[in-house]
Amino acid sequence: MALVNIHFLNLQNNYLFADIAKKVNAFKVMHPKADVISLGIGDVTQPLCPAVVEAMHKAVDEMATADGFRGYGPEQGYDFLREAILNNDFAPRGVRLSLNEVFVNDGAKSDTGNFQELLHWDNFIGVTDPIYPVYIDSNVMIGRCGTYRDGRWTNVRYMPTTAENGFVPEPPKGRPVDVIYLCFPNNPTGTVITRQEMRKWVNYALKNDALILFDAAYQAYIQDPDIPHSIYEIRGARKCAVEFRSFSKTAGFTGVRCGYTIVPKDVSVATFEGERISLNQLWLRRQCTKFNGTSYISQRAAEAIYSPEGKKQVQQTIDYYMQNAARMLRVLRSLGFEVYGGENAPYIWMRTPEGTTSWKFFEQLLYGANVVCTPGVGFGPSGEGYVRFTAFGSHERTEEALQRISHWKKQ
């Protein structure tokens with residue numbers, strides 16, 4: 001008899017974005033002529049930049065020849081991309097890493113979900129709340145989160161990130177956590193933390209022998225020069241942190257699939273006997289077993305964003321989305337809404353009015369303005385009473401959505 005992994009049965013039946021899709025589809029069935037604008041799902045809309053397209057065409061042409069054909073690539077990624085990553089994303093910020101500390105992947109979601117496989121199931125995890133759902137769900141799958149009660153997992157330390165604490169989570173007091181998930185610029189709140197606040201987390205991890213899993217997928221959207229783009233800009237982080245990066249939102253690669261993870265050789269975890277084990281070597285072993293590498297075409301595309309033309313073109317796309325974010329902040333504030341984020345990230349985090357629940361406001365906005373947002377409670381208990389808007393739409397559709405919201409709000 002084949003038995004099920006019972007931990008998968010502990011996953012909540014509904015996934016946030018699947019629930020949103022079901023509700024929107026039901027609305028469209030009832031209102032077939034309605035023109036629904038989505039400001040909810042964090043997918044990009046602008047086309048790939050010319051430098052990337054050219055690189056992909058060239059890579060395809062190479063693959064069409066006997067001499068240029070590539071089969072299985074190296075599990076860590078091709079050297080040409082890893083060198084470009086080191087020379088452009090880290091060296092200019094004074095961060096020195098080696099080639100073997102870079103692991104190219106098919107998008108940050110895979111690695112952020114899979115990395116927990118390396119860790120014992122009894123580890124106590126801490127998460128900023130609200131949080132990207134994959135962090136917790138992947139830990140539920142291995143049995144690390146306990147039981148689900150009243151919207152919370154019993155073996156998870158939730159660290160609120162709300163307006164009341166200025167969206168600056170504090171390292172936990174009391175029982176130390178073993179594994180800490182941080183995401184800055186934050187999804188979903190769109191907020192950031194200062195270098196001084198980030199140093200608190202690194203110091204906490206070093207003091208308590210904890211591991212930080214740092215998601216920097218939105219670092220390219222940081223506008224404030226004083227905000228760190230990498231946790232490795234903080235002294236000591238190489239000994240306690242793994243960093244995840246993505247080209248999905250940076251260069252519009254949601255459909256191309258490419259990102260990377262940094263696993264420093266200095267970061268290690270312990271056995272029960274106290275032996276220190278290199279996570280770099282463990283992750284390499286895991287990838288060689290379960291991953292055949294990111295496609296050559298995708299890696300050539302990623303390399304192109306580091307060319308002079310690619311950098312300029314990618315920045316133009318980022319600026320395009322941030323113009324949407326700035327416009328959304330202005331309009332929503334003018335309507336009396338309490339909004340956050342949107343200055344160093346492409347997300348707007350808005351408090352729902354007069355105690356309206358997240359899902360109730362979602363429905364009111366969908367039926368009243370035909371605009372889709374994301375209910376904040378889907379990101380964790382501290383997300384209740386908020387909704388998330390994304391700035392990834394076109395200028396025209398974003399403006400139309402804002403006009404509809406204005407008209408609906410003034411009714």
# chains A, B, ... in the order shown; residues from 1 in each chain; ligands from 1

call {"tool": "select_by_dssp", "arguments": {"residues": "segment 317-380 of chain A", "states": "helix (DSSP H, G or I)", "output": "MDAnalysis selection string"}}
result
chainID A and resid 317:334 353:355 358:369 376:379

call {"tool": "residues_around", "arguments": {"residues": "Gly94 of chain A", "least_positions_apart": "3", "cutoff": "12 Å", "atoms": "only C-alpha atoms", "output": "ChimeraX atom specification"}}
result
/A:86-91,97,228-235

call {"tool": "residues_around", "arguments": {"residues": "segment 197-210 of chain A", "least_positions_apart": "4", "cutoff": "12 Å", "atoms": "only C-alpha atoms", "output": "MDAnalysis selection string"}}
result
chainID A and resid 119 123:126 128 166:185 192:193 214 227:242 267:270 274 276

call {"tool": "closest_atom_pairs", "arguments": {"of": "segment 66-89 of chain A", "to": "segment 46-62 of chain A", "cutoff": "10 Å", "atoms": "only C-alpha atoms", "output": "JSON lines"}}
result
{"residue": "A:Ala66", "atom": "CA", "partner": "A:Glu62", "partner_atom": "CA", "distance": 8.3}
{"residue": "A:Asp67", "atom": "CA", "partner": "A:Glu62", "partner_atom": "CA", "distance": 7.7}
{"residue": "A:Gly68", "atom": "CA", "partner": "A:Glu62", "partner_atom": "CA", "distance": 4.5}
{"residue": "A:Phe69", "atom": "CA", "partner": "A:Glu62", "partner_atom": "CA", "distance": 6.0}
{"residue": "A:Arg70", "atom": "CA", "partner": "A:Glu62", "partner_atom": "CA", "distance": 8.4}

call {"tool": "residues_around", "arguments": {"residues": "Gly383 of chain A", "least_positions_apart": "4", "cutoff": "12 Å", "atoms": "only C-alpha atoms", "output": "PyMOL selection string"}}
result
chain A and resi 128-133+151+158-163+167+187-189+349-352+357-359+374-379+387-388

call {"tool": "residues_around", "arguments": {"residues": "segment 154-156 of chain A", "least_positions_apart": "5", "cutoff": "10 Å", "atoms": "only C-alpha atoms", "output": "number ranges by chain"}}
result
A: 122-127, 136, 139-140, 143-149, 177

call {"tool": "write_last_selection", "arguments": {"atoms": "N, CA and C atoms", "output": "PDB file, in the first residue's frame"}}
result
ATOM      1  N   ASP A 122      12.644  19.508  13.035  1.00  0.00           N
ATOM      2  CA  ASP A 122      12.346  20.070  14.355  1.00  0.00           C
ATOM      3  C   ASP A 122      12.783  21.519  14.510  1.00  0.00           C
ATOM      4  N   ASN A 123      13.385  22.088  13.487  1.00  0.00           N
ATOM      5  CA  ASN A 123      13.787  23.494  13.586  1.00  0.00           C
ATOM      6  C   ASN A 123      12.563  24.375  13.811  1.00  0.00           C
ATOM      7  N   PHE A 124      12.748  25.404  14.621  1.00  0.00           N
ATOM      8  CA  PHE A 124      11.688  26.372  14.927  1.00  0.00           C
ATOM      9  C   PHE A 124      11.868  27.554  13.985  1.00  0.00           C
ATOM     10  N   ILE A 125      10.869  27.828  13.146  1.00  0.00           N
ATOM     11  CA  ILE A 125      11.014  28.895  12.160  1.00  0.00           C
ATOM     12  C   ILE A 125      10.305  30.167  12.616  1.00  0.00           C
ATOM     13  N   GLY A 126      10.871  31.284  12.190  1.00  0.00           N
ATOM     14  CA  GLY A 126      10.266  32.586  12.436  1.00  0.00           C
ATOM     15  C   GLY A 126      10.032  33.295  11.117  1.00  0.00           C
ATOM     16  N   VAL A 127       8.869  33.918  10.980  1.00  0.00           N
ATOM     17  CA  VAL A 127       8.532  34.611   9.741  1.00  0.00           C
ATOM     18  C   VAL A 127       7.995  36.001  10.050  1.00  0.00           C
ATOM     19  N   ILE A 136       5.908  29.453   4.336  1.00  0.00           N
ATOM     20  CA  ILE A 136       5.277  28.606   5.340  1.00  0.00           C
ATOM     21  C   ILE A 136       4.799  27.293   4.729  1.00  0.00           C
ATOM     22  N   ASN A 139       7.325  24.594   4.450  1.00  0.00           N
ATOM     23  CA  ASN A 139       7.681  24.024   5.753  1.00  0.00           C
ATOM     24  C   ASN A 139       6.576  23.128   6.290  1.00  0.00           C
ATOM     25  N   VAL A 140       5.329  23.447   5.974  1.00  0.00           N
ATOM     26  CA  VAL A 140       4.226  22.563   6.344  1.00  0.00           C
ATOM     27  C   VAL A 140       4.415  21.197   5.683  1.00  0.00           C
ATOM     28  N   GLY A 143       6.428  18.937   7.719  1.00  0.00           N
ATOM     29  CA  GLY A 143       5.955  18.705   9.081  1.00  0.00           C
ATOM     30  C   GLY A 143       6.579  19.587  10.130  1.00  0.00           C
ATOM     31  N   ARG A 144       7.060  20.759   9.712  1.00  0.00           N
ATOM     32  CA  ARG A 144       7.818  21.624  10.619  1.00  0.00           C
ATOM     33  C   ARG A 144       6.944  22.655  11.342  1.00  0.00           C
ATOM     34  N   CYS A 145       5.705  22.845  10.922  1.00  0.00           N
ATOM     35  CA  CYS A 145       4.936  24.003  11.394  1.00  0.00           C
ATOM     36  C   CYS A 145       3.928  23.691  12.486  1.00  0.00           C
ATOM     37  N   GLY A 146       3.780  22.428  12.866  1.00  0.00           N
ATOM     38  CA  GLY A 146       2.826  22.094  13.911  1.00  0.00           C
ATOM     39  C   GLY A 146       1.424  21.943  13.350  1.00  0.00           C
ATOM     40  N   THR A 147       0.443  22.453  14.081  1.00  0.00           N
ATOM     41  CA  THR A 147      -0.953  22.377  13.648  1.00  0.00           C
ATOM     42  C   THR A 147      -1.499  23.776  13.399  1.00  0.00           C
ATOM     43  N   TYR A 148      -2.554  23.843  12.598  1.00  0.00           N
ATOM     44  CA  TYR A 148      -3.142  25.116  12.192  1.00  0.00           C
ATOM     45  C   TYR A 148      -4.330  25.438  13.086  1.00  0.00           C
ATOM     46  N   ARG A 149      -4.220  26.535  13.824  1.00  0.00           N
ATOM     47  CA  ARG A 149      -5.293  26.933  14.734  1.00  0.00           C
ATOM     48  C   ARG A 149      -5.542  28.423  14.629  1.00  0.00           C
ATOM     49  N   VAL A 177      14.535  31.459  17.645  1.00  0.00           N
ATOM     50  CA  VAL A 177      14.152  30.740  16.435  1.00  0.00           C
ATOM     51  C   VAL A 177      15.421  30.219  15.760  1.00  0.00           C
TER      52      VAL A 177
END

call {"tool": "atom_distance", "arguments": {"atom1": "atom CA of Glu354 of chain A", "atom2": "atom CA of Gly385 of chain A"}}
result
9.1 Å

call {"tool": "closest_atom_pairs", "arguments": {"of": "segment 128-216 of chain A", "to": "segment 249-264 of chain A", "cutoff": "10 Å", "atoms": "only C-alpha atoms", "output": "tab-separated table"}}
result
residue	atom	partner	partner_atom	distance
A:Leu213	CA	A:Val263	CA	10.0
A:Phe214	CA	A:Thr261	CA	9.8
A:Asp215	CA	A:Thr261	CA	9.3
A:Ala216	CA	A:Thr261	CA	9.9

call {"tool": "write_last_selection", "arguments": {"atoms": "N, CA, C and O atoms", "output": "PDB file, in the first residue's frame"}}
result
ATOM      1  N   LEU A 213      17.109  33.099   5.873  1.00  0.00           N
ATOM      2  CA  LEU A 213      16.803  32.887   4.460  1.00  0.00           C
ATOM      3  C   LEU A 213      16.229  34.195   3.940  1.00  0.00           C
ATOM      4  O   LEU A 213      15.092  34.565   4.263  1.00  0.00           O
ATOM      5  N   PHE A 214      17.045  34.908   3.166  1.00  0.00           N
ATOM      6  CA  PHE A 214      16.743  36.297   2.799  1.00  0.00           C
ATOM      7  C   PHE A 214      16.307  36.379   1.335  1.00  0.00           C
ATOM      8  O   PHE A 214      17.077  36.071   0.427  1.00  0.00           O
ATOM      9  N   ASP A 215      15.071  36.796   1.125  1.00  0.00           N
ATOM     10  CA  ASP A 215      14.503  36.928  -0.216  1.00  0.00           C
ATOM     11  C   ASP A 215      14.661  38.374  -0.676  1.00  0.00           C
ATOM     12  O   ASP A 215      14.025  39.281  -0.144  1.00  0.00           O
ATOM     13  N   ALA A 216      15.526  38.571  -1.679  1.00  0.00           N
ATOM     14  CA  ALA A 216      15.798  39.910  -2.213  1.00  0.00           C
ATOM     15  C   ALA A 216      15.277  40.049  -3.641  1.00  0.00           C
ATOM     16  O   ALA A 216      15.871  40.730  -4.471  1.00  0.00           O
TER      17      ALA A 216
END

call {"tool": "residues_around", "arguments": {"residues": "segment 32-39 of chain A", "least_positions_apart": "6", "cutoff": "6 Å", "atoms": "only C-alpha atoms", "output": "PyMOL selection string"}}
result
chain A and resi 370-373+389-390

call {"tool": "write_last_selection", "arguments": {"atoms": "all heavy atoms", "output": "CSV table (one decimal), in the first residue's frame"}}
result
chain,number,residue,atom,x,y,z
A,370,ASN,N,-15.0,46.8,-10.5
A,370,ASN,CA,-14.5,45.8,-11.5
A,370,ASN,C,-13.0,45.9,-11.5
A,370,ASN,O,-12.3,45.7,-12.5
A,370,ASN,CB,-15.0,46.0,-12.9
A,370,ASN,CG,-16.5,45.9,-13.0
A,370,ASN,OD1,-17.1,46.3,-14.0
A,370,ASN,ND2,-17.2,45.4,-12.0
A,371,VAL,N,-12.4,46.0,-10.3
A,371,VAL,CA,-10.9,46.0,-10.1
A,371,VAL,C,-10.6,45.0,-9.1
A,371,VAL,O,-11.2,44.8,-8.1
A,371,VAL,CB,-10.4,47.4,-9.6
A,371,VAL,CG1,-8.9,47.4,-9.3
A,371,VAL,CG2,-10.7,48.5,-10.7
A,372,VAL,N,-9.5,44.2,-9.4
A,372,VAL,CA,-9.0,43.1,-8.5
A,372,VAL,C,-7.8,43.6,-7.7
A,372,VAL,O,-6.9,44.1,-8.2
A,372,VAL,CB,-8.7,41.9,-9.3
A,372,VAL,CG1,-8.1,40.8,-8.4
A,372,VAL,CG2,-9.9,41.4,-10.1
A,373,CYS,N,-7.9,43.4,-6.4
A,373,CYS,CA,-6.8,43.5,-5.5
A,373,CYS,C,-6.5,42.2,-4.8
A,373,CYS,O,-7.2,41.2,-5.1
A,373,CYS,CB,-7.1,44.6,-4.4
A,373,CYS,SG,-8.5,44.2,-3.3
A,389,PHE,N,-2.0,46.1,-3.7
A,389,PHE,CA,-2.1,46.4,-5.2
A,389,PHE,C,-0.7,46.3,-5.8
A,389,PHE,O,0.3,46.5,-5.1
A,389,PHE,CB,-2.6,47.8,-5.4
A,389,PHE,CG,-4.0,48.1,-4.9
A,389,PHE,CD1,-4.3,48.7,-3.7
A,389,PHE,CD2,-5.1,47.7,-5.8
A,389,PHE,CE1,-5.6,48.9,-3.3
A,389,PHE,CE2,-6.4,48.0,-5.4
A,389,PHE,CZ,-6.7,48.6,-4.2
A,390,THR,N,-0.7,45.9,-7.0
A,390,THR,CA,0.6,45.8,-7.7
A,390,THR,C,0.7,46.9,-8.8
A,390,THR,O,-0.3,47.3,-9.3
A,390,THR,CB,0.8,44.5,-8.4
A,390,THR,OG1,0.1,44.4,-9.6
A,390,THR,CG2,0.5,43.3,-7.5

call {"tool": "closest_residue", "arguments": {"among": "A:Asp19, A:Asp106, A:Glu83, A:Glu309", "to": "Gln287 of chain A", "atoms": "only C-alpha atoms"}}
result
A:Asp106
